[in-house]
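Colleague: To be precise about what I am sending: the file is called start_6.pdb and holds PDB, C-alpha atoms (C1' of nucleotides).
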ATOM      1  CA  MET A 114      94.747 137.664 101.449  1.00  0.00           C
ATOM      2  CA  THR A 115      91.280 136.975 102.699  1.00  0.00           C
ATOM      3  CA  ARG A 116      88.384 138.359 100.804  1.00  0.00           C
ATOM      4  CA  PRO A 117      85.080 139.568 102.202  1.00  0.00           C
ATOM      5  CA  CYS A 118      82.909 138.124  99.505  1.00  0.00           C
ATOM      6  CA  GLY A 119      81.883 134.539  98.821  1.00  0.00           C
ATOM      7  CA  ALA A 120      83.731 133.631  95.645  1.00  0.00           C
ATOM      8  CA  THR A 121      87.210 132.328  96.387  1.00  0.00           C
ATOM      9  CA  PRO A 122      89.807 132.094  93.616  1.00  0.00           C
ATOM     10  CA  VAL A 123      91.278 128.889  95.063  1.00  0.00           C
ATOM     11  CA  PRO A 124      89.516 125.509  95.015  1.00  0.00           C
ATOM     12  CA  PRO A 125      87.953 124.517  98.339  1.00  0.00           C
ATOM     13  CA  PRO A 126      90.001 122.073 100.424  1.00  0.00           C
ATOM     14  CA  PRO A 127      88.556 118.549 100.366  1.00  0.00           C
ATOM     15  CA  ARG A 128      86.799 117.636 103.580  1.00  0.00           C
ATOM     16  CA  VAL A 129      87.980 114.565 105.439  1.00  0.00           C
ATOM     17  CA  ASN A 130      86.535 112.546 108.276  1.00  0.00           C
ATOM     18  CA  PRO A 131      88.248 113.881 111.420  1.00  0.00           C
ATOM     19  CA  ARG A 132      88.050 110.374 112.815  1.00  0.00           C
ATOM     20  CA  TYR A 133      90.797 109.392 110.418  1.00  0.00           C
ATOM     21  CA  LEU A 134      93.209 112.210 111.119  1.00  0.00           C
ATOM     22  CA  ARG A 135      95.601 110.006 113.094  1.00  0.00           C
ATOM     23  CA  ILE A 136      95.626 107.508 110.259  1.00  0.00           C
ATOM     24  CA  TYR A 137      96.322 110.195 107.710  1.00  0.00           C
ATOM     25  CA  ALA A 138      99.164 111.509 109.820  1.00  0.00           C
ATOM     26  CA  ALA A 139     100.731 108.061 110.020  1.00  0.00           C
ATOM     27  CA  ILE A 140     100.486 107.615 106.264  1.00  0.00           C
ATOM     28  CA  ALA A 141     101.906 111.051 105.623  1.00  0.00           C
ATOM     29  CA  ALA A 142     104.904 110.058 107.753  1.00  0.00           C
ATOM     30  CA  ILE A 143     105.968 107.250 105.416  1.00  0.00           C
ATOM     31  CA  PRO A 144     109.218 108.388 103.811  1.00  0.00           C
ATOM     32  CA  PRO A 145     109.399 108.434 100.003  1.00  0.00           C
ATOM     33  CA  GLY A 146     110.722 105.198  98.566  1.00  0.00           C
ATOM     34  CA  ARG A 147     109.391 103.159 101.469  1.00  0.00           C
ATOM     35  CA  VAL A 148     106.130 101.367 102.084  1.00  0.00           C
ATOM     36  CA  ALA A 149     104.096 100.451 105.139  1.00  0.00           C
ATOM     37  CA  SER A 150     101.360  97.922 105.736  1.00  0.00           C
ATOM     38  CA  TYR A 151      97.820  98.741 106.765  1.00  0.00           C
ATOM     39  CA  GLY A 152      98.382  97.128 110.121  1.00  0.00           C
ATOM     40  CA  GLN A 153     101.542  99.090 110.707  1.00  0.00           C
ATOM     41  CA  ILE A 154      99.820 102.348 109.875  1.00  0.00           C
ATOM     42  CA  ALA A 155      97.037 101.461 112.261  1.00  0.00           C
ATOM     43  CA  ALA A 156      99.492 100.725 115.044  1.00  0.00           C
ATOM     44  CA  ARG A 157     101.412 103.913 114.337  1.00  0.00           C
ATOM     45  CA  ALA A 158      98.123 105.804 114.525  1.00  0.00           C
ATOM     46  CA  GLY A 159      97.445 104.381 117.954  1.00  0.00           C
ATOM     47  CA  LEU A 160      94.892 101.887 116.653  1.00  0.00           C
ATOM     48  CA  PRO A 161      96.551  98.475 116.959  1.00  0.00           C
ATOM     49  CA  GLY A 162      94.641  95.636 115.356  1.00  0.00           C
ATOM     50  CA  ARG A 163      92.495  97.871 113.210  1.00  0.00           C
ATOM     51  CA  ALA A 164      94.110  97.465 109.824  1.00  0.00           C
ATOM     52  CA  ARG A 165      90.737  97.380 108.098  1.00  0.00           C
ATOM     53  CA  LEU A 166      90.013 100.801 109.401  1.00  0.00           C
ATOM     54  CA  VAL A 167      93.021 102.090 107.512  1.00  0.00           C
ATOM     55  CA  GLY A 168      91.607 100.594 104.339  1.00  0.00           C
ATOM     56  CA  THR A 169      88.251 102.195 105.007  1.00  0.00           C
ATOM     57  CA  ALA A 170      89.889 105.531 105.691  1.00  0.00           C
ATOM     58  CA  LEU A 171      91.859 105.394 102.467  1.00  0.00           C
ATOM     59  CA  ARG A 172      88.850 104.431 100.424  1.00  0.00           C
ATOM     60  CA  ASP A 173      86.867 107.311 101.896  1.00  0.00           C
ATOM     61  CA  THR A 174      89.679 109.750 101.303  1.00  0.00           C
ATOM     62  CA  PRO A 175      88.796 112.198  98.547  1.00  0.00           C
ATOM     63  CA  ASP A 176      91.391 112.876  95.877  1.00  0.00           C
ATOM     64  CA  GLY A 177      93.162 116.154  96.124  1.00  0.00           C
ATOM     65  CA  VAL A 178      94.538 115.488  99.559  1.00  0.00           C
ATOM     66  CA  GLY A 179      98.269 115.211  99.218  1.00  0.00           C
ATOM     67  CA  LEU A 180      98.341 111.838 100.904  1.00  0.00           C
ATOM     68  CA  PRO A 181     100.919 109.223  99.838  1.00  0.00           C
ATOM     69  CA  TRP A 182      98.262 106.527  99.776  1.00  0.00           C
ATOM     70  CA  PHE A 183     100.282 104.495  97.282  1.00  0.00           C
ATOM     71  CA  ARG A 184     102.898 103.720  99.944  1.00  0.00           C
ATOM     72  CA  VAL A 185     100.399 101.597 101.829  1.00  0.00           C
ATOM     73  CA  VAL A 186     100.358  97.911 100.887  1.00  0.00           C
ATOM     74  CA  HIS A 187      99.285  94.599 102.372  1.00  0.00           C
ATOM     75  CA  ALA A 188     101.347  93.052 105.144  1.00  0.00           C
ATOM     76  CA  ASP A 189     102.861  90.640 102.598  1.00  0.00           C
ATOM     77  CA  GLY A 190     103.817  93.456 100.255  1.00  0.00           C
ATOM     78  CA  THR A 191     101.035  92.990  97.722  1.00  0.00           C
ATOM     79  CA  ILE A 192      99.072  95.909  96.361  1.00  0.00           C
ATOM     80  CA  ALA A 193      95.582  95.951  97.836  1.00  0.00           C
ATOM     81  CA  LEU A 194      93.727  97.237  94.793  1.00  0.00           C
ATOM     82  CA  PRO A 195      92.412  94.728  92.231  1.00  0.00           C
ATOM     83  CA  ARG A 196      94.939  93.637  89.615  1.00  0.00           C
ATOM     84  CA  GLY A 197      94.536  95.580  86.433  1.00  0.00           C
ATOM     85  CA  SER A 198      92.359  98.265  87.953  1.00  0.00           C
ATOM     86  CA  ARG A 199      93.248 101.866  87.380  1.00  0.00           C
ATOM     87  CA  GLY A 200      94.210 102.388  90.999  1.00  0.00           C
ATOM     88  CA  PHE A 201      96.442  99.363  90.863  1.00  0.00           C
ATOM     89  CA  ARG A 202      98.367 100.623  87.872  1.00  0.00           C
ATOM     90  CA  GLU A 203      98.577 104.066  89.370  1.00  0.00           C
ATOM     91  CA  GLN A 204      99.982 102.734  92.631  1.00  0.00           C
ATOM     92  CA  ALA A 205     102.554 100.543  90.934  1.00  0.00           C
ATOM     93  CA  ARG A 206     103.575 103.423  88.709  1.00  0.00           C
ATOM     94  CA  ARG A 207     104.005 105.853  91.569  1.00  0.00           C
ATOM     95  CA  LEU A 208     105.943 103.344  93.643  1.00  0.00           C
ATOM     96  CA  ARG A 209     108.314 102.596  90.785  1.00  0.00           C
ATOM     97  CA  ALA A 210     108.726 106.322  90.255  1.00  0.00           C
ATOM     98  CA  GLU A 211     110.149 106.405  93.773  1.00  0.00           C
ATOM     99  CA  GLY A 212     112.485 103.524  93.155  1.00  0.00           C
ATOM    100  CA  VAL A 213     110.340 100.838  94.758  1.00  0.00           C
ATOM    101  CA  ALA A 214     110.484  97.656  92.689  1.00  0.00           C
ATOM    102  CA  VAL A 215     107.055  96.156  92.062  1.00  0.00           C
ATOM    103  CA  ARG A 216     106.991  92.555  90.877  1.00  0.00           C
ATOM    104  CA  ASN A 217     103.851  90.660  89.983  1.00  0.00           C
ATOM    105  CA  GLY A 218     101.614  92.984  91.925  1.00  0.00           C
ATOM    106  CA  ARG A 219     103.777  93.097  94.988  1.00  0.00           C
ATOM    107  CA  VAL A 220     106.618  95.102  96.393  1.00  0.00           C
ATOM    108  CA  ALA A 221     109.656  93.126  95.374  1.00  0.00           C
ATOM    109  CA  MET A 222     112.063  93.895  98.169  1.00  0.00           C
ATOM    110  CA  PRO A 223     110.216  94.512 101.409  1.00  0.00           C
ATOM    111  CA  ALA A 224     113.446  93.717 103.296  1.00  0.00           C
ATOM    112  CA  PHE A 225     111.158  93.134 106.204  1.00  0.00           C
ATOM    113  CA  GLY A 226     108.013  91.204 106.750  1.00  0.00           C
ATOM    114  CA  LEU A 227     107.405  91.817 110.360  1.00  0.00           C
ATOM    115  CA  ASP A 228     105.617  94.983 111.282  1.00  0.00           C
ATOM    116  CA  HIS A 229     107.824  95.249 114.290  1.00  0.00           C
ATOM    117  CA  ASP A 230     110.985  95.492 112.264  1.00  0.00           C
ATOM    118  CA  LEU A 231     109.289  97.721 109.769  1.00  0.00           C
ATOM    119  CA  ASP A 232     108.529 100.294 112.397  1.00  0.00           C
ATOM    120  CA  ARG A 233     112.168 100.567 113.334  1.00  0.00           C
ATOM    121  CA  ALA A 234     113.271 100.614 109.739  1.00  0.00           C
ATOM    122  CA  LEU A 235     110.842 103.348 108.830  1.00  0.00           C
ATOM    123  CA  TRP A 236     110.922 105.679 111.735  1.00  0.00           C
ATOM    124  CA  GLY A 237     113.797 104.538 113.868  1.00  0.00           C
ATOM    125  CA  LEU A 238     111.504 103.984 116.793  1.00  0.00           C
ATOM    126  CA  GLY A 239     111.800 101.312 119.405  1.00  0.00           C
TER     127      GLY A 239
ATOM    128  C1'  DA B 127      68.162  98.933 114.952  1.00  0.00           C
ATOM    129  C1'  DC B 128      69.926  94.898 112.250  1.00  0.00           C
ATOM    130  C1'  DA B 129      72.682  92.891 108.433  1.00  0.00           C
ATOM    131  C1'  DT B 130      76.204  93.175 105.122  1.00  0.00           C
ATOM    132  C1'  DT B 131      80.543  94.807 103.213  1.00  0.00           C
ATOM    133  C1'  DG B 132      85.268  95.675 103.040  1.00  0.00           C
ATOM    134  C1'  DA B 133      92.163  99.422  99.903  1.00  0.00           C
ATOM    135  C1'  DC B 134      93.182  93.961 106.587  1.00  0.00           C
ATOM    136  C1'  DT B 135      95.720  90.369 109.352  1.00  0.00           C
ATOM    137  C1'  DC B 136      96.955  86.222 111.614  1.00  0.00           C
ATOM    138  C1'  DG B 137      96.818  81.339 112.823  1.00  0.00           C
ATOM    139  C1'  DC B 138      95.969  76.712 111.148  1.00  0.00           C
ATOM    140  C1'  DG B 139      95.831  72.809 108.081  1.00  0.00           C
TER     141       DG B 139
ATOM    142  C1'  DG C 277     101.946  78.397  98.166  1.00  0.00           C
ATOM    143  C1'  DC C 278      96.404  78.416  99.139  1.00  0.00           C
ATOM    144  C1'  DG C 279      92.077  78.385 101.499  1.00  0.00           C
ATOM    145  C1'  DC C 280      89.293  79.131 105.795  1.00  0.00           C
ATOM    146  C1'  DG C 281      87.751  81.132 109.922  1.00  0.00           C
ATOM    147  C1'  DA C 282      88.003  84.607 113.426  1.00  0.00           C
ATOM    148  C1'  DG C 283      88.710  89.201 115.004  1.00  0.00           C
ATOM    149  C1'  DC C 284      88.397  93.808 113.675  1.00  0.00           C
ATOM    150  C1'  DC C 285      84.785  98.113 113.257  1.00  0.00           C
ATOM    151  C1'  DA C 286      83.145 102.330 110.305  1.00  0.00           C
ATOM    152  C1'  DA C 287      80.274 102.786 106.534  1.00  0.00           C
ATOM    153  C1'  DT C 288      76.240 101.596 104.117  1.00  0.00           C
ATOM    154  C1'  DG C 289      71.666  99.937 103.048  1.00  0.00           C
TER     155       DG C 289
END
Output the structure of this file as structure tokens.

Modeller:
Amino acid sequence: MTRPCGATPVPPPPRVNPRYLRIYAAIAAIPPGRVASYGQIAARAGLPGRARLVGTALRDTPDGVGLPWFRVVHADGTIALPRGSRGFREQARRLRAEGVAVRNGRVAMPAFGLDHDLDRALWGLG
DNA sequence: ACATTGACTCGCG
DNA sequence: GCGCGAGCCAATG
């Protein structure tokens, strides 16, 4: 139901930088219970070598977008956010809620380590 | 327009 | 395991 007048009963959708759409899509594709590194997300988004851009995109992402940002960790499995920060605790909590073991600020059982293998493990791609 | 910053990563020692 | 430097590039001042 569209309405002719200005006031909308639903909250306005958060606006995102269209430049990051590919990155968001790659993050959204991470299955629950799994994690992916910044570099892997970048590669999956068609931006190989631009891991930092993924970090920038995530930082600039407004809350309210249903993005599984917490499934993105460093290449070595550590959580990127500062230890003890609110975001850090939130990420660890959400990961554990999905069955991902977090030990000492890092994903306990990456079962990978190489982005190459991770890609296959996550999406079954070659 | 220039300089700095940063939710990154990899190679080296 | 840790630190350093280089490459990365949009955002920010």

Colleague: For a test of reading the model, state the distance in Å between atom CA of A:Arg147 and atom CA of A:Gly197, rounded to one decimal.

Modeller: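 Straight-line distance from atom CA of A:Arg147 to atom CA of A:Gly197 works out to 22.5 Å.
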
Colleague: Excluding B:DC134 and any residue of its chain fewer than 5 positions from it, enumerate the residues within 9 Å of it, using all atoms listed in the file, and give them as a list of chain:residue names.

Modeller: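 Counting all atoms listed in the file, the residues come to A:Tyr151, A:Gly152, A:Arg163, A:Ala164, A:Arg165, A:Leu166, A:Val167, A:Gly168, A:His187, A:Ala188, C:DC284.
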
Colleague: Taking C-alpha atoms (C1' of nucleotides) for each residue, export the selection above as a CSV table (one decimal), in the coordinates of the input.

Modeller:
chain,number,residue,atom,x,y,z
A,151,TYR,CA,97.8,98.7,106.8
A,152,GLY,CA,98.4,97.1,110.1
A,163,ARG,CA,92.5,97.9,113.2
A,164,ALA,CA,94.1,97.5,109.8
A,165,ARG,CA,90.7,97.4,108.1
A,166,LEU,CA,90.0,100.8,109.4
A,167,VAL,CA,93.0,102.1,107.5
A,168,GLY,CA,91.6,100.6,104.3
A,187,HIS,CA,99.3,94.6,102.4
A,188,ALA,CA,101.3,93.1,105.1
C,284,DC,C1',88.4,93.8,113.7

Colleague: Return as a list in words the set of residues that the PyMOL selection byres ((chain A and resi 207) around 12) yields on the displayed structure.

Modeller: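 Going through the file, the PyMOL selection byres ((chain A and resi 207) around 12) ends up selecting Pro145, Gly146, Arg147, Val148, Pro181, Trp182, Phe183, Arg184, Val185, Gly200, Phe201, Arg202, Glu203, Gln204, Ala205, Arg206, Leu208, Arg209, Ala210, Glu211, Gly212, Val213, Ala214 and Val215 of chain A.
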
Colleague: Extract, using only C-alpha atoms (C1' of nucleotides), all DNA, RNA and protein residues at most 12 Å from A:Ala170, discarding same-chain residues fewer than 3 positions from it, and format them as a count of residues only.

Modeller: 31

Colleague: Can you measure atom CA of A:Pro127 to atom CA of A:Pro195 for me? One decimal in Å is fine.

Modeller: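 Answer for the atom CA of A:Pro127 to atom CA of A:Pro195 separation: 25.5 Å.
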
Colleague: List the spatial neighbours of B:DC138 as JSON, numbers by chain - criterion: any atom at most 12 Å away, only C-alpha atoms (C1' of nucleotides), same-chain residues fewer than 2 positions off excluded.

Modeller: {"B": [136], "C": [279, 280, 281, 282]}

Colleague: Taking all atoms of stretch 127-137 of chain B that appear in the file, build a box with edges along x, y and z, extend it by 4 Å on every side, and state its centre and edge lengths in Å to one decimal, as AutoDock Vina command-line options.

Modeller:
--center_x 82.6 --center_y 90.4 --center_z 107.4 --size_x 36.8 --size_y 26.1 --size_z 23.0

Colleague: Please write as a ChimeraX atom specification the full residue list that the PyMOL selection byres ((chain B and resi 129) around 9) yields on this file.

Modeller: /B:128,130 /C:289

Colleague: Closest to chain B among A:Arg157, A:Arg219, A:Arg172, A:Arg196, using only C-alpha atoms (C1' of nucleotides)?

Modeller: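 Result for the nearest residue to chain B: A:Arg172.
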
Colleague: Between atom CA of A:Ala221 and atom CA of A:Gly190, what is the spacing in Å?

Modeller: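 We find that atom CA of A:Gly190 and atom CA of A:Ala221 lie 7.6 Å from each other.
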
Colleague: Taking into account only C-alpha atoms (C1' of nucleotides), which residue in the set A:Thr169, A:Val220, A:Ala149, A:Gly179 is nearest to chain B?

Modeller: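 Once distances to chain B are computed over only C-alpha atoms (C1' of nucleotides), the minimum belongs to A:Thr169.
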
Colleague: Identify which of the residues A:Arg199, A:Met222, A:Gly162, A:Asn217 lies closest to chain B, counting only C-alpha atoms (C1' of nucleotides) when measuring atom-to-atom distances.

Modeller: A:Gly162
